[in-house]
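Quick look at model.pdb (PDB, C-alpha atoms):
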ATOM      1  CA  MET V 255       5.312 -85.614  79.928  1.00  0.00           C
ATOM      2  CA  ARG V 256       3.275 -88.219  78.059  1.00  0.00           C
ATOM      3  CA  GLN V 257       0.274 -89.817  79.689  1.00  0.00           C
ATOM      4  CA  GLY V 258       1.256 -92.852  81.762  1.00  0.00           C
ATOM      5  CA  THR V 259       4.899 -91.792  82.046  1.00  0.00           C
ATOM      6  CA  LYS V 260       6.337 -91.843  85.546  1.00  0.00           C
ATOM      7  CA  PRO V 261       9.086 -89.445  86.689  1.00  0.00           C
ATOM      8  CA  ALA V 262      11.635 -92.295  86.707  1.00  0.00           C
ATOM      9  CA  ASP V 263      10.996 -92.666  82.953  1.00  0.00           C
ATOM     10  CA  LEU V 264      11.961 -89.073  82.148  1.00  0.00           C
ATOM     11  CA  LEU V 265      15.371 -88.097  80.805  1.00  0.00           C
ATOM     12  CA  GLU V 266      15.724 -84.315  80.927  1.00  0.00           C
ATOM     13  CA  VAL V 267      18.241 -82.472  78.742  1.00  0.00           C
ATOM     14  CA  ARG V 268      19.149 -78.813  79.234  1.00  0.00           C
ATOM     15  CA  ALA V 269      21.714 -76.777  77.310  1.00  0.00           C
ATOM     16  CA  LEU V 270      24.395 -75.009  79.316  1.00  0.00           C
ATOM     17  CA  PRO V 271      23.883 -71.237  79.476  1.00  0.00           C
ATOM     18  CA  ARG V 272      27.386 -70.412  78.209  1.00  0.00           C
ATOM     19  CA  ASP V 273      27.721 -73.139  75.551  1.00  0.00           C
ATOM     20  CA  ARG V 274      24.562 -74.023  73.608  1.00  0.00           C
ATOM     21  CA  SER V 275      26.199 -77.125  72.102  1.00  0.00           C
ATOM     22  CA  ARG V 276      26.781 -78.741  75.499  1.00  0.00           C
ATOM     23  CA  GLY V 277      24.280 -79.754  78.094  1.00  0.00           C
ATOM     24  CA  ILE V 278      23.343 -81.763  81.141  1.00  0.00           C
ATOM     25  CA  LEU V 279      21.263 -84.934  80.989  1.00  0.00           C
ATOM     26  CA  ARG V 280      19.333 -85.873  84.142  1.00  0.00           C
ATOM     27  CA  PHE V 281      17.674 -89.236  84.676  1.00  0.00           C
ATOM     28  CA  GLY V 282      16.538 -89.975  88.220  1.00  0.00           C
ATOM     29  CA  GLU V 283      19.671 -89.784  90.377  1.00  0.00           C
ATOM     30  CA  ILE V 284      21.932 -89.750  87.289  1.00  0.00           C
ATOM     31  CA  THR V 285      23.320 -86.406  86.081  1.00  0.00           C
ATOM     32  CA  VAL V 286      25.865 -86.485  83.245  1.00  0.00           C
ATOM     33  CA  PRO V 287      27.293 -84.114  80.643  1.00  0.00           C
ATOM     34  CA  CYS V 288      26.064 -84.366  77.055  1.00  0.00           C
ATOM     35  CA  ALA V 289      26.864 -82.953  73.650  1.00  0.00           C
ATOM     36  CA  LEU V 290      24.127 -81.207  71.654  1.00  0.00           C
ATOM     37  CA  GLY V 291      23.832 -79.879  68.112  1.00  0.00           C
ATOM     38  CA  ARG V 292      26.337 -77.277  66.932  1.00  0.00           C
ATOM     39  CA  SER V 293      23.464 -74.763  66.612  1.00  0.00           C
ATOM     40  CA  GLY V 294      22.078 -75.412  70.094  1.00  0.00           C
ATOM     41  CA  VAL V 295      18.453 -76.242  70.882  1.00  0.00           C
ATOM     42  CA  VAL V 296      15.704 -74.915  68.602  1.00  0.00           C
ATOM     43  CA  THR V 297      11.924 -75.039  68.481  1.00  0.00           C
ATOM     44  CA  ARG V 298      11.694 -75.204  64.673  1.00  0.00           C
ATOM     45  CA  LYS V 299      14.050 -77.965  63.498  1.00  0.00           C
ATOM     46  CA  LYS V 300      15.082 -78.005  59.819  1.00  0.00           C
ATOM     47  CA  GLU V 301      17.034 -80.668  57.969  1.00  0.00           C
ATOM     48  CA  GLY V 302      20.763 -79.881  58.053  1.00  0.00           C
ATOM     49  CA  ASP V 303      20.578 -76.946  60.511  1.00  0.00           C
ATOM     50  CA  GLY V 304      22.814 -78.677  63.082  1.00  0.00           C
ATOM     51  CA  ALA V 305      20.304 -77.977  65.845  1.00  0.00           C
ATOM     52  CA  THR V 306      18.886 -80.251  68.513  1.00  0.00           C
ATOM     53  CA  PRO V 307      15.081 -80.073  68.481  1.00  0.00           C
ATOM     54  CA  ARG V 308      13.236 -78.930  71.593  1.00  0.00           C
ATOM     55  CA  GLY V 309      10.507 -81.356  72.617  1.00  0.00           C
ATOM     56  CA  THR V 310       9.635 -84.661  74.232  1.00  0.00           C
ATOM     57  CA  PHE V 311      10.636 -87.825  72.412  1.00  0.00           C
ATOM     58  CA  GLU V 312      10.094 -91.464  73.312  1.00  0.00           C
ATOM     59  CA  LEU V 313      13.143 -93.761  73.363  1.00  0.00           C
ATOM     60  CA  LEU V 314      12.079 -96.352  70.796  1.00  0.00           C
ATOM     61  CA  GLN V 315      14.884 -98.755  69.977  1.00  0.00           C
ATOM     62  CA  VAL V 316      18.579 -99.374  70.603  1.00  0.00           C
ATOM     63  CA  PHE V 317      21.020-100.281  67.850  1.00  0.00           C
ATOM     64  CA  TYR V 318      24.563-101.415  68.650  1.00  0.00           C
ATOM     65  CA  ARG V 319      27.780-102.520  66.935  1.00  0.00           C
ATOM     66  CA  PRO V 320      28.248-106.198  67.819  1.00  0.00           C
ATOM     67  CA  ASP V 321      31.961-106.029  66.945  1.00  0.00           C
ATOM     68  CA  LYS V 322      32.549-103.297  69.571  1.00  0.00           C
ATOM     69  CA  GLY V 323      31.726-105.291  72.687  1.00  0.00           C
ATOM     70  CA  LEU V 324      28.747-106.792  74.412  1.00  0.00           C
ATOM     71  CA  PRO V 325      25.305-105.373  73.681  1.00  0.00           C
ATOM     72  CA  PRO V 326      24.117-102.885  76.279  1.00  0.00           C
ATOM     73  CA  THR V 327      21.866-104.139  79.046  1.00  0.00           C
ATOM     74  CA  THR V 328      18.447-102.617  78.445  1.00  0.00           C
ATOM     75  CA  ARG V 329      14.737-103.360  78.453  1.00  0.00           C
ATOM     76  CA  LEU V 330      14.280-101.414  75.214  1.00  0.00           C
ATOM     77  CA  PRO V 331      14.150-103.295  71.891  1.00  0.00           C
ATOM     78  CA  LEU V 332      17.744-104.090  70.925  1.00  0.00           C
ATOM     79  CA  GLU V 333      19.112-104.809  67.446  1.00  0.00           C
ATOM     80  CA  PRO V 334      22.628-105.167  66.046  1.00  0.00           C
ATOM     81  CA  ILE V 335      23.646-103.005  63.115  1.00  0.00           C
ATOM     82  CA  THR V 336      25.652-104.302  60.176  1.00  0.00           C
ATOM     83  CA  PRO V 337      27.826-102.651  57.529  1.00  0.00           C
ATOM     84  CA  ARG V 338      24.646-102.476  55.413  1.00  0.00           C
ATOM     85  CA  SER V 339      22.684-100.462  58.010  1.00  0.00           C
ATOM     86  CA  GLY V 340      21.747 -96.935  56.991  1.00  0.00           C
ATOM     87  CA  TRP V 341      19.238 -94.162  57.745  1.00  0.00           C
ATOM     88  CA  CYS V 342      17.557 -92.103  54.994  1.00  0.00           C
ATOM     89  CA  ASP V 343      18.055 -88.334  55.389  1.00  0.00           C
ATOM     90  CA  ASP V 344      16.726 -87.314  51.956  1.00  0.00           C
ATOM     91  CA  PRO V 345      13.530 -85.244  52.496  1.00  0.00           C
ATOM     92  CA  GLY V 346      12.392 -86.060  48.965  1.00  0.00           C
ATOM     93  CA  HIS V 347      12.490 -89.826  49.431  1.00  0.00           C
ATOM     94  CA  ARG V 348       9.517 -91.914  50.601  1.00  0.00           C
ATOM     95  CA  LEU V 349      11.742 -93.538  53.278  1.00  0.00           C
ATOM     96  CA  TYR V 350      12.809 -90.184  54.741  1.00  0.00           C
ATOM     97  CA  ASN V 351      13.836 -90.544  58.401  1.00  0.00           C
ATOM     98  CA  ARG V 352      13.642 -94.340  58.323  1.00  0.00           C
ATOM     99  CA  PRO V 353      16.206 -97.131  58.518  1.00  0.00           C
ATOM    100  CA  VAL V 354      17.383 -98.379  55.124  1.00  0.00           C
ATOM    101  CA  GLU V 355      19.657-101.083  53.798  1.00  0.00           C
ATOM    102  CA  LEU V 356      22.837-100.042  51.985  1.00  0.00           C
ATOM    103  CA  PRO V 357      23.647 -99.527  49.222  1.00  0.00           C
ATOM    104  CA  PHE V 358      20.909 -96.902  48.995  1.00  0.00           C
ATOM    105  CA  ASP V 359      20.525 -94.444  46.112  1.00  0.00           C
ATOM    106  CA  ALA V 360      19.103 -91.480  48.064  1.00  0.00           C
ATOM    107  CA  GLY V 361      20.828 -89.397  50.749  1.00  0.00           C
ATOM    108  CA  HIS V 362      21.564 -91.376  53.897  1.00  0.00           C
ATOM    109  CA  GLU V 363      23.736 -91.819  56.955  1.00  0.00           C
ATOM    110  CA  LYS V 364      25.823 -94.924  57.455  1.00  0.00           C
ATOM    111  CA  MET V 365      25.019 -96.486  60.813  1.00  0.00           C
ATOM    112  CA  TRP V 366      28.227 -98.596  60.758  1.00  0.00           C
ATOM    113  CA  ARG V 367      30.690 -95.766  61.342  1.00  0.00           C
ATOM    114  CA  ASP V 368      34.472 -95.628  61.617  1.00  0.00           C
ATOM    115  CA  ASP V 369      34.220 -93.534  64.785  1.00  0.00           C
ATOM    116  CA  ARG V 370      32.488 -94.620  68.005  1.00  0.00           C
ATOM    117  CA  LEU V 371      29.392 -92.400  67.734  1.00  0.00           C
ATOM    118  CA  TYR V 372      26.951 -95.136  66.708  1.00  0.00           C
ATOM    119  CA  ASP V 373      28.499 -98.008  68.659  1.00  0.00           C
ATOM    120  CA  VAL V 374      25.320 -97.650  70.738  1.00  0.00           C
ATOM    121  CA  VAL V 375      22.517 -95.484  69.349  1.00  0.00           C
ATOM    122  CA  VAL V 376      18.955 -94.973  70.557  1.00  0.00           C
ATOM    123  CA  VAL V 377      16.281 -93.986  68.051  1.00  0.00           C
ATOM    124  CA  LEU V 378      14.183 -91.110  69.399  1.00  0.00           C
ATOM    125  CA  ASP V 379      10.588 -90.536  68.312  1.00  0.00           C
ATOM    126  CA  CYS V 380      11.543 -87.295  66.599  1.00  0.00           C
ATOM    127  CA  ASN V 381       9.774 -86.534  63.314  1.00  0.00           C
ATOM    128  CA  LEU V 382       8.880 -90.181  62.762  1.00  0.00           C
ATOM    129  CA  PHE V 383       5.103 -90.651  63.005  1.00  0.00           C
ATOM    130  CA  PRO V 384       4.628 -89.140  60.475  1.00  0.00           C
ATOM    131  CA  ALA V 385       7.979 -87.991  59.102  1.00  0.00           C
ATOM    132  CA  VAL V 386       7.479 -84.420  57.854  1.00  0.00           C
ATOM    133  CA  LYS V 387       9.818 -83.665  54.960  1.00  0.00           C
ATOM    134  CA  GLY V 388      12.596 -81.274  55.921  1.00  0.00           C
ATOM    135  CA  ARG V 389      11.876 -81.253  59.694  1.00  0.00           C
ATOM    136  CA  GLY V 390      14.974 -83.257  60.577  1.00  0.00           C
ATOM    137  CA  SER V 391      16.096 -86.850  60.389  1.00  0.00           C
ATOM    138  CA  ALA V 392      18.316 -89.217  62.336  1.00  0.00           C
ATOM    139  CA  ILE V 393      17.862 -87.379  65.651  1.00  0.00           C
ATOM    140  CA  PHE V 394      19.399 -89.959  67.939  1.00  0.00           C
ATOM    141  CA  PHE V 395      20.690 -90.399  71.476  1.00  0.00           C
ATOM    142  CA  HIS V 396      24.190 -91.760  70.856  1.00  0.00           C
ATOM    143  CA  ILE V 397      27.816 -91.896  71.989  1.00  0.00           C
ATOM    144  CA  ALA V 398      29.676 -88.573  72.258  1.00  0.00           C
ATOM    145  CA  ARG V 399      33.067 -87.782  70.822  1.00  0.00           C
ATOM    146  CA  GLU V 400      35.746 -87.959  73.503  1.00  0.00           C
ATOM    147  CA  ASP V 401      35.943 -84.154  73.706  1.00  0.00           C
ATOM    148  CA  TYR V 402      32.134 -83.699  73.571  1.00  0.00           C
ATOM    149  CA  ARG V 403      32.328 -81.726  70.324  1.00  0.00           C
ATOM    150  CA  PRO V 404      28.874 -80.758  69.003  1.00  0.00           C
ATOM    151  CA  THR V 405      26.651 -83.206  67.159  1.00  0.00           C
ATOM    152  CA  GLU V 406      24.648 -82.588  63.987  1.00  0.00           C
ATOM    153  CA  GLY V 407      21.507 -82.286  66.143  1.00  0.00           C
ATOM    154  CA  CYS V 408      21.564 -85.371  68.349  1.00  0.00           C
ATOM    155  CA  ILE V 409      22.105 -85.795  72.101  1.00  0.00           C
ATOM    156  CA  ALA V 410      25.313 -87.661  72.947  1.00  0.00           C
ATOM    157  CA  VAL V 411      26.929 -89.011  76.132  1.00  0.00           C
ATOM    158  CA  SER V 412      29.988 -91.090  77.017  1.00  0.00           C
ATOM    159  CA  PRO V 413      29.851 -94.872  76.461  1.00  0.00           C
ATOM    160  CA  ALA V 414      29.805 -95.516  80.228  1.00  0.00           C
ATOM    161  CA  HIS V 415      26.976 -93.024  80.782  1.00  0.00           C
ATOM    162  CA  MET V 416      24.984 -94.482  77.875  1.00  0.00           C
ATOM    163  CA  ARG V 417      25.235 -97.974  79.380  1.00  0.00           C
ATOM    164  CA  LEU V 418      24.298 -96.632  82.825  1.00  0.00           C
ATOM    165  CA  VAL V 419      21.163 -94.946  81.468  1.00  0.00           C
ATOM    166  CA  LEU V 420      20.138 -97.867  79.252  1.00  0.00           C
ATOM    167  CA  ALA V 421      20.440-100.340  82.143  1.00  0.00           C
ATOM    168  CA  SER V 422      17.759 -98.403  84.051  1.00  0.00           C
ATOM    169  CA  VAL V 423      15.419 -97.036  81.385  1.00  0.00           C
ATOM    170  CA  ARG V 424      12.107 -98.763  80.719  1.00  0.00           C
ATOM    171  CA  PRO V 425       9.980 -99.049  77.593  1.00  0.00           C
ATOM    172  CA  GLY V 426       7.885 -95.884  77.258  1.00  0.00           C
ATOM    173  CA  ALA V 427      10.657 -93.675  78.651  1.00  0.00           C
ATOM    174  CA  VAL V 428      10.874 -90.190  77.160  1.00  0.00           C
ATOM    175  CA  MET V 429      13.618 -87.637  76.691  1.00  0.00           C
ATOM    176  CA  THR V 430      12.611 -84.005  77.106  1.00  0.00           C
ATOM    177  CA  VAL V 431      14.945 -81.449  75.530  1.00  0.00           C
ATOM    178  CA  LEU V 432      14.363 -78.029  77.090  1.00  0.00           C
TER     179      LEU V 432
END
Would you put the structure from the file into structure tokens?
Amino acid sequence: MRQGTKPADLLEVRALPRDRSRGILRFGEITVPCALGRSGVVTRKKEGDGATPRGTFELLQVFYRPDKGLPPTTRLPLEPITPRSGWCDDPGHRLYNRPVELPFDAGHEKMWRDDRLYDVVVVLDCNLFPAVKGRGSAIFFHIAREDYRPTEGCIAVSPAHMRLVLASVRPGAVMTVL
């Protein structure tokens, strides 16, 4: 746990023993199911491996789709996304693992998705300061698919559980993936 972090600021994620792509997220009195990367949890994250990185990551900022309902209640920095919102996932680009504006010539993810996954998305401090090329990008805490199918490496929960967590979390909160 980071210095100055109180137990109430800790979100703990553990993979299930029988299904590495599913887990349990605990935050204070809240315990909810979550989806993890298709390759489970790993110590050495690599771009494109489909794994959720093990570690402790600060919850930095919340993005949301303003056309999909009210913004979530949270004390974290909150910003709407637009159809031009993207995230660079090209390890060879100087903006690797950073938000970008679309159109964008290098490899990227669209933040404005047709599915619900990024209707609410929290940026985790994973490989950001500094971004090490090839160590993974766009590792977010976001909305899960309805059937909790695996993510590409993120941690995902239901929309109701995301709003429940965000209403209570404070700036400086961290997520520990074990």
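What separates CA of Pro413 (chain V) from CA of Phe383 (chain V) is a distance of 28.5 Å.
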### Query
Do you know which residues are at most 6 Å from region 355-359 of chain V counting all atoms listed in the file, after dropping those on the same chain fewer than 2 positions away, and could you put them as a count of residues only?
3
### Query
If you apply the PyMOL selection byres ((chain V and resi 331) around 7) to this file, what residues do you get, as a ChimeraX atom specification?
/V:315-316,329-330,332-333
### Task
Tell me which residues the PyMOL selection byres ((chain V and resi 419) around 10) grabs here, as a ChimeraX atom specification.
/V:265,280-282,284-286,326-328,411,414-418,420-424
Do you know which residues the PyMOL selection byres ((chain V and resi 292-297) around 6) returns on this file, as a short mmCIF file (atom, residue, chain, number, x, y, z; two decimals) with C-alpha atoms, in the frame of the given file?
data_model
loop_
_atom_site.label_atom_id
_atom_site.label_comp_id
_atom_site.auth_asym_id
_atom_site.auth_seq_id
_atom_site.Cartn_x
_atom_site.Cartn_y
_atom_site.Cartn_z
CA ARG V 274 24.56 -74.02 73.61
CA SER V 275 26.20 -77.12 72.10
CA GLY V 291 23.83 -79.88 68.11
CA ARG V 298 11.69 -75.20 64.67
CA GLY V 304 22.81 -78.68 63.08
CA ALA V 305 20.30 -77.98 65.84
CA THR V 306 18.89 -80.25 68.51
CA PRO V 307 15.08 -80.07 68.48
CA ARG V 308 13.24 -78.93 71.59
CA PRO V 404 28.87 -80.76 69.00
CA THR V 405 26.65 -83.21 67.16
#
#### Entry: Spatial neighbours of Gly277 (chain V), max dist 9 Å, all atoms listed in the file, sep filter under 6 positions, as an MDAnalysis selection string
chainID V and resid 267:271 286:290 409
### Message
Could you tell me how far CA of Glu301 (chain V) sits from CA of His347 (chain V), in Å to one decimal place?
### Response
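Pair CA of His347 (chain V) / CA of Glu301 (chain V) returns 13.3 Å.
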### Message
My list of candidates is V:Gly426, V:Gly388, V:Pro325, V:Pro320. Which is closest to Gly302 (chain V) when distances are computed with only C-alpha atoms?
### Response
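The answer is V:Gly388, which sits nearest to Gly302 (chain V).
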### Message
One decimal, in Å: what's the spacing between CA of Trp341 (chain V) and CA of Asn381 (chain V)?
### Response
13.4 Å
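The nearest approach to Asp303 (chain V) among the residues V:Val374, V:Leu349, V:Ala360, V:Cys408, with only C-alpha atoms taken into account, belongs to V:Cys408.
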### Query
Looking at V:His396, V:His362, V:Val428, V:Arg389, which one is nearest to Leu314 (chain V), with distances taken over only C-alpha atoms?
V:Val428
### Query
Looking at all atoms listed in the file, which of V:Lys364, V:Lys299, V:Asp369, V:Lys387 is the one that sits closest to Pro345 (chain V)?
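Among V:Lys364, V:Lys299, V:Asp369, V:Lys387, it is V:Lys387 that comes nearest to Pro345 (chain V).
Considering the residues V:Phe394, V:Ser412, V:Asp401, V:Asp379 and counting all atoms listed in the file, Glu312 (chain V) has its shortest atom-to-atom contact with V:Asp379.
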### Task
Counting only C-alpha atoms, figure out which residue out of V:Pro353, V:Arg319, V:Thr430, V:Arg403 gets nearest to Asp273 (chain V).
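Checking each of V:Pro353, V:Arg319, V:Thr430, V:Arg403 against Asp273 (chain V), counting only C-alpha atoms, the winner is V:Arg403.
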Kindly output region 381-413 of chain V as a PDB file, in the frame of the given file, after building N, CA and C atoms.
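New file rebuild35.pdb:
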ATOM      1  N   ASN V 381      10.173 -86.647  64.710  1.00  0.00           N
ATOM      2  CA  ASN V 381       9.774 -86.534  63.314  1.00  0.00           C
ATOM      3  C   ASN V 381       9.643 -87.898  62.628  1.00  0.00           C
ATOM      4  N   LEU V 382       9.039 -88.843  63.327  1.00  0.00           N
ATOM      5  CA  LEU V 382       8.880 -90.181  62.762  1.00  0.00           C
ATOM      6  C   LEU V 382       7.449 -90.528  62.375  1.00  0.00           C
ATOM      7  N   PHE V 383       6.488 -90.169  63.181  1.00  0.00           N
ATOM      8  CA  PHE V 383       5.103 -90.651  63.005  1.00  0.00           C
ATOM      9  C   PHE V 383       4.117 -89.511  62.892  1.00  0.00           C
ATOM     10  N   PRO V 384       3.973 -88.857  61.747  1.00  0.00           N
ATOM     11  CA  PRO V 384       4.628 -89.140  60.475  1.00  0.00           C
ATOM     12  C   PRO V 384       5.914 -88.331  60.347  1.00  0.00           C
ATOM     13  N   ALA V 385       6.763 -88.750  59.414  1.00  0.00           N
ATOM     14  CA  ALA V 385       7.979 -87.991  59.102  1.00  0.00           C
ATOM     15  C   ALA V 385       7.579 -86.839  58.187  1.00  0.00           C
ATOM     16  N   VAL V 386       7.790 -85.617  58.649  1.00  0.00           N
ATOM     17  CA  VAL V 386       7.479 -84.420  57.854  1.00  0.00           C
ATOM     18  C   VAL V 386       8.748 -84.014  57.114  1.00  0.00           C
ATOM     19  N   LYS V 387       8.656 -83.959  55.796  1.00  0.00           N
ATOM     20  CA  LYS V 387       9.818 -83.665  54.960  1.00  0.00           C
ATOM     21  C   LYS V 387      10.495 -82.363  55.381  1.00  0.00           C
ATOM     22  N   GLY V 388      11.806 -82.448  55.596  1.00  0.00           N
ATOM     23  CA  GLY V 388      12.596 -81.274  55.921  1.00  0.00           C
ATOM     24  C   GLY V 388      12.628 -80.884  57.390  1.00  0.00           C
ATOM     25  N   ARG V 389      11.925 -81.605  58.259  1.00  0.00           N
ATOM     26  CA  ARG V 389      11.876 -81.253  59.694  1.00  0.00           C
ATOM     27  C   ARG V 389      12.934 -81.968  60.533  1.00  0.00           C
ATOM     28  N   GLY V 390      13.877 -82.618  59.865  1.00  0.00           N
ATOM     29  CA  GLY V 390      14.974 -83.257  60.577  1.00  0.00           C
ATOM     30  C   GLY V 390      14.868 -84.766  60.566  1.00  0.00           C
ATOM     31  N   SER V 391      16.035 -85.392  60.423  1.00  0.00           N
ATOM     32  CA  SER V 391      16.096 -86.850  60.389  1.00  0.00           C
ATOM     33  C   SER V 391      17.275 -87.316  61.225  1.00  0.00           C
ATOM     34  N   ALA V 392      17.226 -88.579  61.590  1.00  0.00           N
ATOM     35  CA  ALA V 392      18.316 -89.217  62.336  1.00  0.00           C
ATOM     36  C   ALA V 392      18.654 -88.449  63.615  1.00  0.00           C
ATOM     37  N   ILE V 393      17.643 -88.013  64.341  1.00  0.00           N
ATOM     38  CA  ILE V 393      17.862 -87.379  65.651  1.00  0.00           C
ATOM     39  C   ILE V 393      17.921 -88.509  66.667  1.00  0.00           C
ATOM     40  N   PHE V 394      19.137 -88.810  67.083  1.00  0.00           N
ATOM     41  CA  PHE V 394      19.399 -89.959  67.939  1.00  0.00           C
ATOM     42  C   PHE V 394      19.971 -89.534  69.286  1.00  0.00           C
ATOM     43  N   PHE V 395      19.967 -90.464  70.212  1.00  0.00           N
ATOM     44  CA  PHE V 395      20.690 -90.399  71.476  1.00  0.00           C
ATOM     45  C   PHE V 395      21.838 -91.386  71.279  1.00  0.00           C
ATOM     46  N   HIS V 396      23.071 -90.885  71.213  1.00  0.00           N
ATOM     47  CA  HIS V 396      24.190 -91.760  70.856  1.00  0.00           C
ATOM     48  C   HIS V 396      25.434 -91.430  71.670  1.00  0.00           C
ATOM     49  N   ILE V 397      26.540 -92.063  71.292  1.00  0.00           N
ATOM     50  CA  ILE V 397      27.816 -91.896  71.989  1.00  0.00           C
ATOM     51  C   ILE V 397      28.469 -90.580  71.552  1.00  0.00           C
ATOM     52  N   ALA V 398      29.013 -89.854  72.522  1.00  0.00           N
ATOM     53  CA  ALA V 398      29.676 -88.573  72.258  1.00  0.00           C
ATOM     54  C   ALA V 398      31.122 -88.794  71.802  1.00  0.00           C
ATOM     55  N   ARG V 399      31.631 -87.808  71.099  1.00  0.00           N
ATOM     56  CA  ARG V 399      33.067 -87.782  70.822  1.00  0.00           C
ATOM     57  C   ARG V 399      33.777 -87.602  72.168  1.00  0.00           C
ATOM     58  N   GLU V 400      35.018 -88.015  72.229  1.00  0.00           N
ATOM     59  CA  GLU V 400      35.746 -87.959  73.503  1.00  0.00           C
ATOM     60  C   GLU V 400      35.801 -86.553  74.082  1.00  0.00           C
ATOM     61  N   ASP V 401      35.863 -85.534  73.222  1.00  0.00           N
ATOM     62  CA  ASP V 401      35.943 -84.154  73.706  1.00  0.00           C
ATOM     63  C   ASP V 401      34.570 -83.461  73.749  1.00  0.00           C
ATOM     64  N   TYR V 402      33.510 -84.218  73.539  1.00  0.00           N
ATOM     65  CA  TYR V 402      32.134 -83.699  73.571  1.00  0.00           C
ATOM     66  C   TYR V 402      31.904 -82.588  72.552  1.00  0.00           C
ATOM     67  N   ARG V 403      32.601 -82.675  71.404  1.00  0.00           N
ATOM     68  CA  ARG V 403      32.328 -81.726  70.324  1.00  0.00           C
ATOM     69  C   ARG V 403      30.859 -81.823  69.937  1.00  0.00           C
ATOM     70  N   PRO V 404      30.302 -80.760  69.360  1.00  0.00           N
ATOM     71  CA  PRO V 404      28.874 -80.758  69.003  1.00  0.00           C
ATOM     72  C   PRO V 404      28.497 -81.862  68.031  1.00  0.00           C
ATOM     73  N   THR V 405      27.226 -82.230  68.078  1.00  0.00           N
ATOM     74  CA  THR V 405      26.651 -83.206  67.159  1.00  0.00           C
ATOM     75  C   THR V 405      26.014 -82.454  65.987  1.00  0.00           C
ATOM     76  N   GLU V 406      25.395 -83.185  65.101  1.00  0.00           N
ATOM     77  CA  GLU V 406      24.648 -82.588  63.987  1.00  0.00           C
ATOM     78  C   GLU V 406      23.197 -82.297  64.381  1.00  0.00           C
ATOM     79  N   GLY V 407      22.866 -82.527  65.654  1.00  0.00           N
ATOM     80  CA  GLY V 407      21.507 -82.286  66.143  1.00  0.00           C
ATOM     81  C   GLY V 407      21.057 -83.317  67.170  1.00  0.00           C
ATOM     82  N   CYS V 408      21.891 -84.300  67.406  1.00  0.00           N
ATOM     83  CA  CYS V 408      21.564 -85.371  68.349  1.00  0.00           C
ATOM     84  C   CYS V 408      21.966 -84.992  69.774  1.00  0.00           C
ATOM     85  N   ILE V 409      21.669 -85.890  70.709  1.00  0.00           N
ATOM     86  CA  ILE V 409      22.105 -85.795  72.101  1.00  0.00           C
ATOM     87  C   ILE V 409      23.091 -86.938  72.299  1.00  0.00           C
ATOM     88  N   ALA V 410      24.269 -86.648  72.837  1.00  0.00           N
ATOM     89  CA  ALA V 410      25.313 -87.661  72.947  1.00  0.00           C
ATOM     90  C   ALA V 410      25.977 -87.644  74.319  1.00  0.00           C
ATOM     91  N   VAL V 411      26.279 -88.841  74.826  1.00  0.00           N
ATOM     92  CA  VAL V 411      26.929 -89.011  76.132  1.00  0.00           C
ATOM     93  C   VAL V 411      28.079 -90.006  75.985  1.00  0.00           C
ATOM     94  N   SER V 412      28.877 -90.142  77.033  1.00  0.00           N
ATOM     95  CA  SER V 412      29.988 -91.090  77.017  1.00  0.00           C
ATOM     96  C   SER V 412      29.459 -92.520  76.956  1.00  0.00           C
ATOM     97  N   PRO V 413      30.289 -93.472  76.496  1.00  0.00           N
ATOM     98  CA  PRO V 413      29.851 -94.872  76.461  1.00  0.00           C
ATOM     99  C   PRO V 413      29.421 -95.385  77.843  1.00  0.00           C
TER     100      PRO V 413
END
